[in-house]
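Enquirer: Below: one structure in structure tokens.
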Amino acid sequence: MGLVVQKFGGSSVANTERIRNVAGIIADTYKAGDNVVVVLSAQGDTTDDLIEKAAELNPNPSKREMDMLLSTGEQISVALCAMTLEGMGLPVVSLTGWQAGVRTNSAYGDARIKRVIDERVLTELDKRNIVIVTGFQGINKYDDITTLGRGGSDTSAVALAAALHADLCQIYTDVDGVYTADPRSVTGAMKLEEITYDEMLELASLGAQVLHNRSVELAKQYGVNLEVISSFTKQPGTKVKEVVKTMEKLHVSGVAKDTKIARIALVGLSDRPGIAYKVFSLLAKKNINVDIILQSIGRDETKDISFTISKKDLDAARQIIEENREIIGFDHMTISDSVAKISVVGAGMVNNPGVAASMFEVLYNAGININMISTSEIKVSVLVDIADADRAVQVVHDRFFSEFGR
Ligand code: ADP
Ligand code: ASP
Ligand code: MG
């Protein structure tokens, strides 16, 4: 007998019929003899709806109260699913994040799981109960509810799988695996049979929504046997693992798009030591992550620095920079939130220096202007106008996947 963790996303539990379908998948796994821990997301658009509801009453609610609110969506799902399984005559118990021992730090809205105290879940499994846990939430040292950031139920599932030493962690969603690009918007996107943790981590961090990036980080750290699979079809899914057999053939494993970013440019900074330090230490103090950074060559004793951040941090970044205008010393600041980052990811890229040039060439041929560039051993990212984003992903995807093939 093994232990399987099965996570179902929002669209998989969106309505009564979908919950019945999910209960069927869980029941089959249980009846085959395995112990089953289930992690559920909130139904459909519930989390978005709750965010809207909050904004109607207070445009700027505290993060603590937001977490109290948003955690309720998942609670509805687990109770409904548990009742469905009860109705099928199966032994089942639903648990909130805190009942399941999910301990996080105190960063409301973006909390990190610190540990999972697995006692309660193990007790329930010993009784041969199916255990259904709310995704996306935990509890901090003040006994307050925290949430893990949008899409965080994947991370709940992987953390539980790691803590319980599960044999398999299945992420059930509305596509049948990880594709070379978002199959909903890119023509010709191809399903990957398997992908390495490292490449999946890059794709997830660069905008491929299919897995929460921290779930991949945890899976790699604890060697969790991870699979992305559809709750709608019976197709085989994509395995996420340390080493994949086809790796050597690959130049590129996927193309990702991130539209949740903004660019800030500080123009007319003085060209002397310590300026970059001043700007970025202010942002770091506010926990604002900076991504691509571009600094111009100094001229007339001034220089410009532009950088990208997450859209959600834009107001905070603008405020801290304006408050420190005198200390930093710059002529003016320009802000654009109509930009998108397009990235190509692939472990084989390190031995193929032509990848970046090929990407730039197809963007040039499509008349798409590149605003910023950043590269690492396994990715090349460019910043383009948001209006060009979908076309950019398509032409870049066509370039790598129709010519080199897999
Ligand atoms: P869930 O609600 O199940 O967590 P998400 O909406 O968070 O599902 O993630 C699944 C979605 O991710 C898919 O519907 C798809 O549009 C999107 N997606 C983006 N990039 C990829 C990719 N490379 N492969 C598969 N799906 C992707
Ligand atoms: N319900 C949360 C969200 O919509 C968490 C998740 O679905 O993973 O972001
Ligand atoms: Mg998701």
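Note on naming: chains are A, B, ... as they come in the structure tokens, residues start from 1 per chain, ligands start from 1 in the order shown.
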From a backbone DSSP assignment, name each residue in range 250-365 of chain A labelled helix (DSSP H, G or I), as a PDB file with N, CA and C atoms, in the first residue's frame.
Expert:
```pdb
ATOM      1  N   ILE A 275      24.905  54.524  -5.956  1.00  0.00           N
ATOM      2  CA  ILE A 275      23.530  54.896  -6.341  1.00  0.00           C
ATOM      3  C   ILE A 275      22.639  53.652  -6.484  1.00  0.00           C
ATOM      4  N   ALA A 276      23.152  52.629  -7.166  1.00  0.00           N
ATOM      5  CA  ALA A 276      22.364  51.398  -7.332  1.00  0.00           C
ATOM      6  C   ALA A 276      22.063  50.801  -5.960  1.00  0.00           C
ATOM      7  N   TYR A 277      23.065  50.841  -5.098  1.00  0.00           N
ATOM      8  CA  TYR A 277      22.878  50.310  -3.742  1.00  0.00           C
ATOM      9  C   TYR A 277      21.721  51.035  -3.038  1.00  0.00           C
ATOM     10  N   LYS A 278      21.701  52.360  -3.165  1.00  0.00           N
ATOM     11  CA  LYS A 278      20.639  53.128  -2.490  1.00  0.00           C
ATOM     12  C   LYS A 278      19.265  52.715  -2.999  1.00  0.00           C
ATOM     13  N   VAL A 279      19.119  52.660  -4.301  1.00  0.00           N
ATOM     14  CA  VAL A 279      17.805  52.352  -4.888  1.00  0.00           C
ATOM     15  C   VAL A 279      17.354  50.952  -4.470  1.00  0.00           C
ATOM     16  N   PHE A 280      18.231  49.964  -4.673  1.00  0.00           N
ATOM     17  CA  PHE A 280      17.775  48.586  -4.490  1.00  0.00           C
ATOM     18  C   PHE A 280      17.707  48.171  -3.026  1.00  0.00           C
ATOM     19  N   SER A 281      18.475  48.848  -2.164  1.00  0.00           N
ATOM     20  CA  SER A 281      18.339  48.500  -0.741  1.00  0.00           C
ATOM     21  C   SER A 281      17.016  49.044  -0.196  1.00  0.00           C
ATOM     22  N   LEU A 282      16.568  50.184  -0.730  1.00  0.00           N
ATOM     23  CA  LEU A 282      15.253  50.705  -0.307  1.00  0.00           C
ATOM     24  C   LEU A 282      14.148  49.713  -0.679  1.00  0.00           C
ATOM     25  N   LEU A 283      14.237  49.188  -1.904  1.00  0.00           N
ATOM     26  CA  LEU A 283      13.218  48.232  -2.364  1.00  0.00           C
ATOM     27  C   LEU A 283      13.299  46.935  -1.563  1.00  0.00           C
ATOM     28  N   ALA A 284      14.521  46.503  -1.271  1.00  0.00           N
ATOM     29  CA  ALA A 284      14.690  45.252  -0.513  1.00  0.00           C
ATOM     30  C   ALA A 284      14.079  45.384   0.877  1.00  0.00           C
ATOM     31  N   LYS A 285      14.237  46.563   1.467  1.00  0.00           N
ATOM     32  CA  LYS A 285      13.678  46.781   2.809  1.00  0.00           C
ATOM     33  C   LYS A 285      12.160  46.600   2.807  1.00  0.00           C
ATOM     34  N   LYS A 311       3.768  43.555 -10.617  1.00  0.00           N
ATOM     35  CA  LYS A 311       2.754  44.619 -10.634  1.00  0.00           C
ATOM     36  C   LYS A 311       2.183  44.890  -9.248  1.00  0.00           C
ATOM     37  N   LYS A 312       2.074  43.819  -8.456  1.00  0.00           N
ATOM     38  CA  LYS A 312       1.450  43.997  -7.133  1.00  0.00           C
ATOM     39  C   LYS A 312       2.313  44.876  -6.224  1.00  0.00           C
ATOM     40  N   ASP A 313       3.603  45.020  -6.539  1.00  0.00           N
ATOM     41  CA  ASP A 313       4.493  45.830  -5.708  1.00  0.00           C
ATOM     42  C   ASP A 313       4.646  47.260  -6.226  1.00  0.00           C
ATOM     43  N   LEU A 314       3.933  47.572  -7.323  1.00  0.00           N
ATOM     44  CA  LEU A 314       4.183  48.854  -7.984  1.00  0.00           C
ATOM     45  C   LEU A 314       3.901  50.056  -7.082  1.00  0.00           C
ATOM     46  N   ASP A 315       2.762  50.063  -6.413  1.00  0.00           N
ATOM     47  CA  ASP A 315       2.429  51.222  -5.570  1.00  0.00           C
ATOM     48  C   ASP A 315       3.453  51.415  -4.464  1.00  0.00           C
ATOM     49  N   ALA A 316       3.830  50.302  -3.828  1.00  0.00           N
ATOM     50  CA  ALA A 316       4.801  50.388  -2.730  1.00  0.00           C
ATOM     51  C   ALA A 316       6.153  50.889  -3.238  1.00  0.00           C
ATOM     52  N   ALA A 317       6.547  50.420  -4.434  1.00  0.00           N
ATOM     53  CA  ALA A 317       7.853  50.823  -4.984  1.00  0.00           C
ATOM     54  C   ALA A 317       7.840  52.313  -5.326  1.00  0.00           C
ATOM     55  N   ARG A 318       6.775  52.745  -5.983  1.00  0.00           N
ATOM     56  CA  ARG A 318       6.663  54.147  -6.358  1.00  0.00           C
ATOM     57  C   ARG A 318       6.740  55.029  -5.109  1.00  0.00           C
ATOM     58  N   GLN A 319       6.029  54.611  -4.076  1.00  0.00           N
ATOM     59  CA  GLN A 319       5.976  55.402  -2.844  1.00  0.00           C
ATOM     60  C   GLN A 319       7.359  55.516  -2.187  1.00  0.00           C
ATOM     61  N   ILE A 320       8.047  54.384  -2.068  1.00  0.00           N
ATOM     62  CA  ILE A 320       9.334  54.427  -1.359  1.00  0.00           C
ATOM     63  C   ILE A 320      10.365  55.238  -2.155  1.00  0.00           C
ATOM     64  N   ILE A 321      10.276  55.165  -3.484  1.00  0.00           N
ATOM     65  CA  ILE A 321      11.230  55.937  -4.299  1.00  0.00           C
ATOM     66  C   ILE A 321      10.916  57.429  -4.191  1.00  0.00           C
ATOM     67  N   GLU A 322       9.631  57.759  -4.262  1.00  0.00           N
ATOM     68  CA  GLU A 322       9.272  59.182  -4.160  1.00  0.00           C
ATOM     69  C   GLU A 322       9.646  59.759  -2.794  1.00  0.00           C
ATOM     70  N   GLU A 323       9.394  58.974  -1.750  1.00  0.00           N
ATOM     71  CA  GLU A 323       9.742  59.443  -0.397  1.00  0.00           C
ATOM     72  C   GLU A 323      11.237  59.700  -0.241  1.00  0.00           C
ATOM     73  N   ARG A 325      13.345  60.630  -2.736  1.00  0.00           N
ATOM     74  CA  ARG A 325      13.804  61.332  -3.925  1.00  0.00           C
ATOM     75  C   ARG A 325      15.090  62.112  -3.683  1.00  0.00           C
ATOM     76  N   GLU A 326      15.138  62.821  -2.574  1.00  0.00           N
ATOM     77  CA  GLU A 326      16.306  63.657  -2.248  1.00  0.00           C
ATOM     78  C   GLU A 326      17.551  62.794  -2.044  1.00  0.00           C
ATOM     79  N   ILE A 327      17.364  61.710  -1.300  1.00  0.00           N
ATOM     80  CA  ILE A 327      18.509  60.844  -0.967  1.00  0.00           C
ATOM     81  C   ILE A 327      19.064  60.167  -2.223  1.00  0.00           C
ATOM     82  N   ILE A 328      18.141  59.662  -3.075  1.00  0.00           N
ATOM     83  CA  ILE A 328      18.604  58.966  -4.292  1.00  0.00           C
ATOM     84  C   ILE A 328      19.165  59.992  -5.280  1.00  0.00           C
ATOM     85  N   ALA A 347      17.363  23.487 -20.563  1.00  0.00           N
ATOM     86  CA  ALA A 347      18.645  23.103 -19.988  1.00  0.00           C
ATOM     87  C   ALA A 347      19.702  22.943 -21.083  1.00  0.00           C
ATOM     88  N   GLY A 348      19.261  22.619 -22.302  1.00  0.00           N
ATOM     89  CA  GLY A 348      20.209  22.408 -23.395  1.00  0.00           C
ATOM     90  C   GLY A 348      20.780  23.701 -23.958  1.00  0.00           C
ATOM     91  N   MET A 349      20.239  24.805 -23.508  1.00  0.00           N
ATOM     92  CA  MET A 349      20.611  26.107 -24.038  1.00  0.00           C
ATOM     93  C   MET A 349      22.072  26.472 -23.767  1.00  0.00           C
ATOM     94  N   VAL A 350      22.582  25.974 -22.637  1.00  0.00           N
ATOM     95  CA  VAL A 350      23.927  26.348 -22.221  1.00  0.00           C
ATOM     96  C   VAL A 350      24.968  25.924 -23.261  1.00  0.00           C
ATOM     97  N   ASN A 351      24.692  24.841 -23.992  1.00  0.00           N
ATOM     98  CA  ASN A 351      25.625  24.392 -25.030  1.00  0.00           C
ATOM     99  C   ASN A 351      25.221  24.879 -26.422  1.00  0.00           C
ATOM    100  N   GLY A 354      23.260  29.820 -29.845  1.00  0.00           N
ATOM    101  CA  GLY A 354      22.407  30.465 -30.841  1.00  0.00           C
ATOM    102  C   GLY A 354      20.998  30.763 -30.380  1.00  0.00           C
ATOM    103  N   VAL A 355      20.601  30.267 -29.201  1.00  0.00           N
ATOM    104  CA  VAL A 355      19.201  30.397 -28.796  1.00  0.00           C
ATOM    105  C   VAL A 355      18.784  31.862 -28.676  1.00  0.00           C
ATOM    106  N   ALA A 356      19.594  32.664 -27.978  1.00  0.00           N
ATOM    107  CA  ALA A 356      19.227  34.076 -27.784  1.00  0.00           C
ATOM    108  C   ALA A 356      19.132  34.782 -29.133  1.00  0.00           C
ATOM    109  N   ALA A 357      20.131  34.551 -29.995  1.00  0.00           N
ATOM    110  CA  ALA A 357      20.132  35.223 -31.302  1.00  0.00           C
ATOM    111  C   ALA A 357      18.897  34.830 -32.111  1.00  0.00           C
ATOM    112  N   SER A 358      18.529  33.537 -32.067  1.00  0.00           N
ATOM    113  CA  SER A 358      17.342  33.083 -32.814  1.00  0.00           C
ATOM    114  C   SER A 358      16.093  33.774 -32.298  1.00  0.00           C
ATOM    115  N   MET A 359      16.011  33.899 -30.980  1.00  0.00           N
ATOM    116  CA  MET A 359      14.836  34.545 -30.392  1.00  0.00           C
ATOM    117  C   MET A 359      14.759  36.004 -30.850  1.00  0.00           C
ATOM    118  N   PHE A 360      15.894  36.703 -30.789  1.00  0.00           N
ATOM    119  CA  PHE A 360      15.893  38.124 -31.169  1.00  0.00           C
ATOM    120  C   PHE A 360      15.549  38.268 -32.652  1.00  0.00           C
ATOM    121  N   GLU A 361      16.037  37.307 -33.463  1.00  0.00           N
ATOM    122  CA  GLU A 361      15.789  37.385 -34.903  1.00  0.00           C
ATOM    123  C   GLU A 361      14.295  37.273 -35.225  1.00  0.00           C
ATOM    124  N   VAL A 362      13.614  36.301 -34.602  1.00  0.00           N
ATOM    125  CA  VAL A 362      12.186  36.155 -34.947  1.00  0.00           C
ATOM    126  C   VAL A 362      11.380  37.345 -34.431  1.00  0.00           C
ATOM    127  N   LEU A 363      11.805  37.920 -33.315  1.00  0.00           N
ATOM    128  CA  LEU A 363      11.086  39.095 -32.804  1.00  0.00           C
ATOM    129  C   LEU A 363      11.300  40.272 -33.764  1.00  0.00           C
ATOM    130  N   TYR A 364      12.525  40.401 -34.259  1.00  0.00           N
ATOM    131  CA  TYR A 364      12.832  41.457 -35.233  1.00  0.00           C
ATOM    132  C   TYR A 364      11.992  41.258 -36.490  1.00  0.00           C
ATOM    133  N   ASN A 365      11.951  40.011 -36.983  1.00  0.00           N
ATOM    134  CA  ASN A 365      11.174  39.731 -38.200  1.00  0.00           C
ATOM    135  C   ASN A 365       9.694  40.040 -38.004  1.00  0.00           C
TER     136      ASN A 365
END
```
Enquirer: What residues have any atom no more than 8 Å from ligand 3 when counting only C-alpha atoms and all ligand atoms, and can you list them as a PDB file with N, CA and C atoms, in the first residue's frame?
Expert:
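The file below, pocket.pdb, is the result:
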```
ATOM      1  N   GLY A   9      -7.355  21.594  -8.661  1.00  0.00           N
ATOM      2  CA  GLY A   9      -7.429  23.049  -8.768  1.00  0.00           C
ATOM      3  C   GLY A   9      -8.858  23.546  -8.886  1.00  0.00           C
ATOM      4  N   GLY A  10      -8.985  24.878  -8.926  1.00  0.00           N
ATOM      5  CA  GLY A  10     -10.291  25.537  -8.907  1.00  0.00           C
ATOM      6  C   GLY A  10     -11.265  25.056  -9.969  1.00  0.00           C
ATOM      7  N   ARG A 150      -1.246  33.575  -4.621  1.00  0.00           N
ATOM      8  CA  ARG A 150      -2.149  33.024  -5.625  1.00  0.00           C
ATOM      9  C   ARG A 150      -1.550  31.759  -6.255  1.00  0.00           C
ATOM     10  N   GLY A 151      -2.390  30.765  -6.393  1.00  0.00           N
ATOM     11  CA  GLY A 151      -1.931  29.491  -6.962  1.00  0.00           C
ATOM     12  C   GLY A 151      -1.238  28.600  -5.947  1.00  0.00           C
ATOM     13  N   GLY A 152      -1.284  29.003  -4.659  1.00  0.00           N
ATOM     14  CA  GLY A 152      -0.485  28.328  -3.632  1.00  0.00           C
ATOM     15  C   GLY A 152      -0.941  26.942  -3.209  1.00  0.00           C
ATOM     16  N   SER A 153      -2.096  26.487  -3.678  1.00  0.00           N
ATOM     17  CA  SER A 153      -2.540  25.133  -3.295  1.00  0.00           C
ATOM     18  C   SER A 153      -1.583  24.054  -3.795  1.00  0.00           C
ATOM     19  N   ASP A 154      -0.930  24.318  -4.929  1.00  0.00           N
ATOM     20  CA  ASP A 154       0.061  23.353  -5.432  1.00  0.00           C
ATOM     21  C   ASP A 154       1.149  23.156  -4.373  1.00  0.00           C
ATOM     22  N   THR A 173      -5.427  19.236 -12.939  1.00  0.00           N
ATOM     23  CA  THR A 173      -5.824  20.569 -13.368  1.00  0.00           C
ATOM     24  C   THR A 173      -6.675  20.486 -14.636  1.00  0.00           C
ATOM     25  N   GLN A 209       1.553  29.350 -15.489  1.00  0.00           N
ATOM     26  CA  GLN A 209       0.698  29.276 -14.306  1.00  0.00           C
ATOM     27  C   GLN A 209       0.455  27.845 -13.806  1.00  0.00           C
ATOM     28  N   VAL A 210       0.780  26.885 -14.651  1.00  0.00           N
ATOM     29  CA  VAL A 210       0.339  25.510 -14.395  1.00  0.00           C
ATOM     30  C   VAL A 210       0.815  24.944 -13.055  1.00  0.00           C
ATOM     31  N   LEU A 211       1.982  25.400 -12.567  1.00  0.00           N
ATOM     32  CA  LEU A 211       2.417  25.036 -11.210  1.00  0.00           C
ATOM     33  C   LEU A 211       2.896  26.284 -10.483  1.00  0.00           C
ATOM     34  N   HIS A 212       2.573  26.375  -9.198  1.00  0.00           N
ATOM     35  CA  HIS A 212       3.066  27.462  -8.349  1.00  0.00           C
ATOM     36  C   HIS A 212       4.576  27.269  -8.209  1.00  0.00           C
TER      37      HIS A 212
END
```
Enquirer: Between A:Ala392, A:Val93, A:Ile130, A:Val345, which is the closest to Gly367 in chain A once you count only C-alpha atoms?
Expert: A:Ala392
Enquirer: Would you mind listing the residues within 8 Å of ligand 1, counting only C-alpha atoms and all ligand atoms, as a VMD selection string?
Expert: chain A and resid 8 to 12 41 44 151 153 to 154 171 to 185 191 203 to 204 207 to 212 254 to 257
Enquirer: Atoms to include: C-alpha atoms. Write the selected residues as a PDB file, in the first residue's frame.
Expert:
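And here's result23.pdb as it stands now:
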```pdb
ATOM      1  CA  PHE A   8      -7.388  19.445  -7.525  1.00  0.00           C
ATOM      2  CA  GLY A   9      -7.429  23.049  -8.768  1.00  0.00           C
ATOM      3  CA  GLY A  10     -10.291  25.537  -8.907  1.00  0.00           C
ATOM      4  CA  SER A  11     -11.750  24.496 -12.250  1.00  0.00           C
ATOM      5  CA  SER A  12     -11.629  20.820 -11.223  1.00  0.00           C
ATOM      6  CA  SER A  41      -8.435  24.794  -4.144  1.00  0.00           C
ATOM      7  CA  GLY A  44     -13.833  28.256  -9.785  1.00  0.00           C
ATOM      8  CA  GLY A 151      -1.931  29.491  -6.962  1.00  0.00           C
ATOM      9  CA  SER A 153      -2.540  25.133  -3.295  1.00  0.00           C
ATOM     10  CA  ASP A 154       0.061  23.353  -5.432  1.00  0.00           C
ATOM     11  CA  ILE A 171      -1.541  17.909  -9.476  1.00  0.00           C
ATOM     12  CA  TYR A 172      -4.890  17.557 -11.255  1.00  0.00           C
ATOM     13  CA  THR A 173      -5.824  20.569 -13.368  1.00  0.00           C
ATOM     14  CA  ASP A 174      -7.699  21.633 -16.510  1.00  0.00           C
ATOM     15  CA  VAL A 175      -4.912  20.748 -18.967  1.00  0.00           C
ATOM     16  CA  ASP A 176      -3.421  17.281 -19.349  1.00  0.00           C
ATOM     17  CA  GLY A 177       0.157  18.209 -18.531  1.00  0.00           C
ATOM     18  CA  VAL A 178       2.926  20.745 -18.931  1.00  0.00           C
ATOM     19  CA  TYR A 179       3.196  22.008 -22.481  1.00  0.00           C
ATOM     20  CA  THR A 180       5.939  23.805 -24.401  1.00  0.00           C
ATOM     21  CA  ALA A 181       3.774  26.952 -23.972  1.00  0.00           C
ATOM     22  CA  ASP A 182       0.298  27.717 -22.652  1.00  0.00           C
ATOM     23  CA  PRO A 183      -1.850  25.357 -24.757  1.00  0.00           C
ATOM     24  CA  ARG A 184      -4.829  27.696 -24.383  1.00  0.00           C
ATOM     25  CA  SER A 185      -3.191  30.549 -26.239  1.00  0.00           C
ATOM     26  CA  LYS A 191       2.766  18.237 -24.278  1.00  0.00           C
ATOM     27  CA  LEU A 203       8.877  28.124 -16.433  1.00  0.00           C
ATOM     28  CA  ALA A 204       6.708  28.508 -13.318  1.00  0.00           C
ATOM     29  CA  GLY A 207       4.768  32.991 -15.771  1.00  0.00           C
ATOM     30  CA  ALA A 208       3.623  29.453 -16.682  1.00  0.00           C
ATOM     31  CA  GLN A 209       0.698  29.276 -14.306  1.00  0.00           C
ATOM     32  CA  VAL A 210       0.339  25.510 -14.395  1.00  0.00           C
ATOM     33  CA  LEU A 211       2.417  25.036 -11.210  1.00  0.00           C
ATOM     34  CA  HIS A 212       3.066  27.462  -8.349  1.00  0.00           C
ATOM     35  CA  GLY A 254       9.234  25.860 -23.177  1.00  0.00           C
ATOM     36  CA  VAL A 255       8.191  29.455 -23.717  1.00  0.00           C
ATOM     37  CA  ALA A 256       6.496  31.452 -20.961  1.00  0.00           C
ATOM     38  CA  LYS A 257       4.758  34.805 -20.716  1.00  0.00           C
TER      39      LYS A 257
END
```
Enquirer: Using only C-alpha atoms and all ligand atoms, which residue out of A:Gly2, A:Gly346, A:Gly149, A:Gly138 lies closest to ligand 2?
Expert: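 Closest to ligand 2, using only C-alpha atoms and all ligand atoms: A:Gly149.
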Enquirer: Need to verify the contact set: range 220-229 of chain A, 8 Å, only C-alpha atoms, exclusion of same-chain residues closer than 2 positions in sequence. Can you return it as a PyMOL selection string?
Expert: chain A and resi 158+161-162+165-173+175-178+197-198+216-218+231+235-242
Enquirer: To one decimal in Å, tell me the separation between CA of Ser253 in chain A and CA of Glu199 in chain A.
Expert: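 Taking CA of Ser253 in chain A and CA of Glu199 in chain A, their separation equals 7.4 Å.
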Enquirer: Of the residues A:Leu206, A:Val4, A:Ala82, A:Ala157, which is the one nearest to ligand 2, using only C-alpha atoms and all ligand atoms?
Expert: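 Among A:Leu206, A:Val4, A:Ala82, A:Ala157, it is A:Ala157 that comes nearest to ligand 2.
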Enquirer: Between CA of Asp385 in chain A and CA of Lys260 in chain A, what is the distance in Å, rounded to a tenth?
Expert: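 Computed distance, CA of Asp385 in chain A to CA of Lys260 in chain A, equals 12.5 Å.
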Enquirer: I'd like the contact shell of Phe136 in chain A - 12 Å cut-off, only C-alpha atoms, skipping same-chain residues fewer than 2 positions apart - returned as a PyMOL selection string.
Expert: chain A and resi 7-10+39-42+47+67-68+70-75+96-98+102-104+108-113+133-134+138-139+145-160+212+214-215
Enquirer: Could you find all residues in range 230-300 of chain A that DSSP calls strand (DSSP E) from the backbone, and write them as a VMD selection string?
Expert: chain A and resid 230 238 to 241 254 to 258 261 to 270 290 to 295
Enquirer: Counting only C-alpha atoms, which of A:Ile25, A:Glu202, A:Arg263, A:Ala219 gets nearest to Ser376 in chain A?
Expert: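 Ranking A:Ile25, A:Glu202, A:Arg263, A:Ala219 by distance to Ser376 in chain A, first place goes to A:Glu202.
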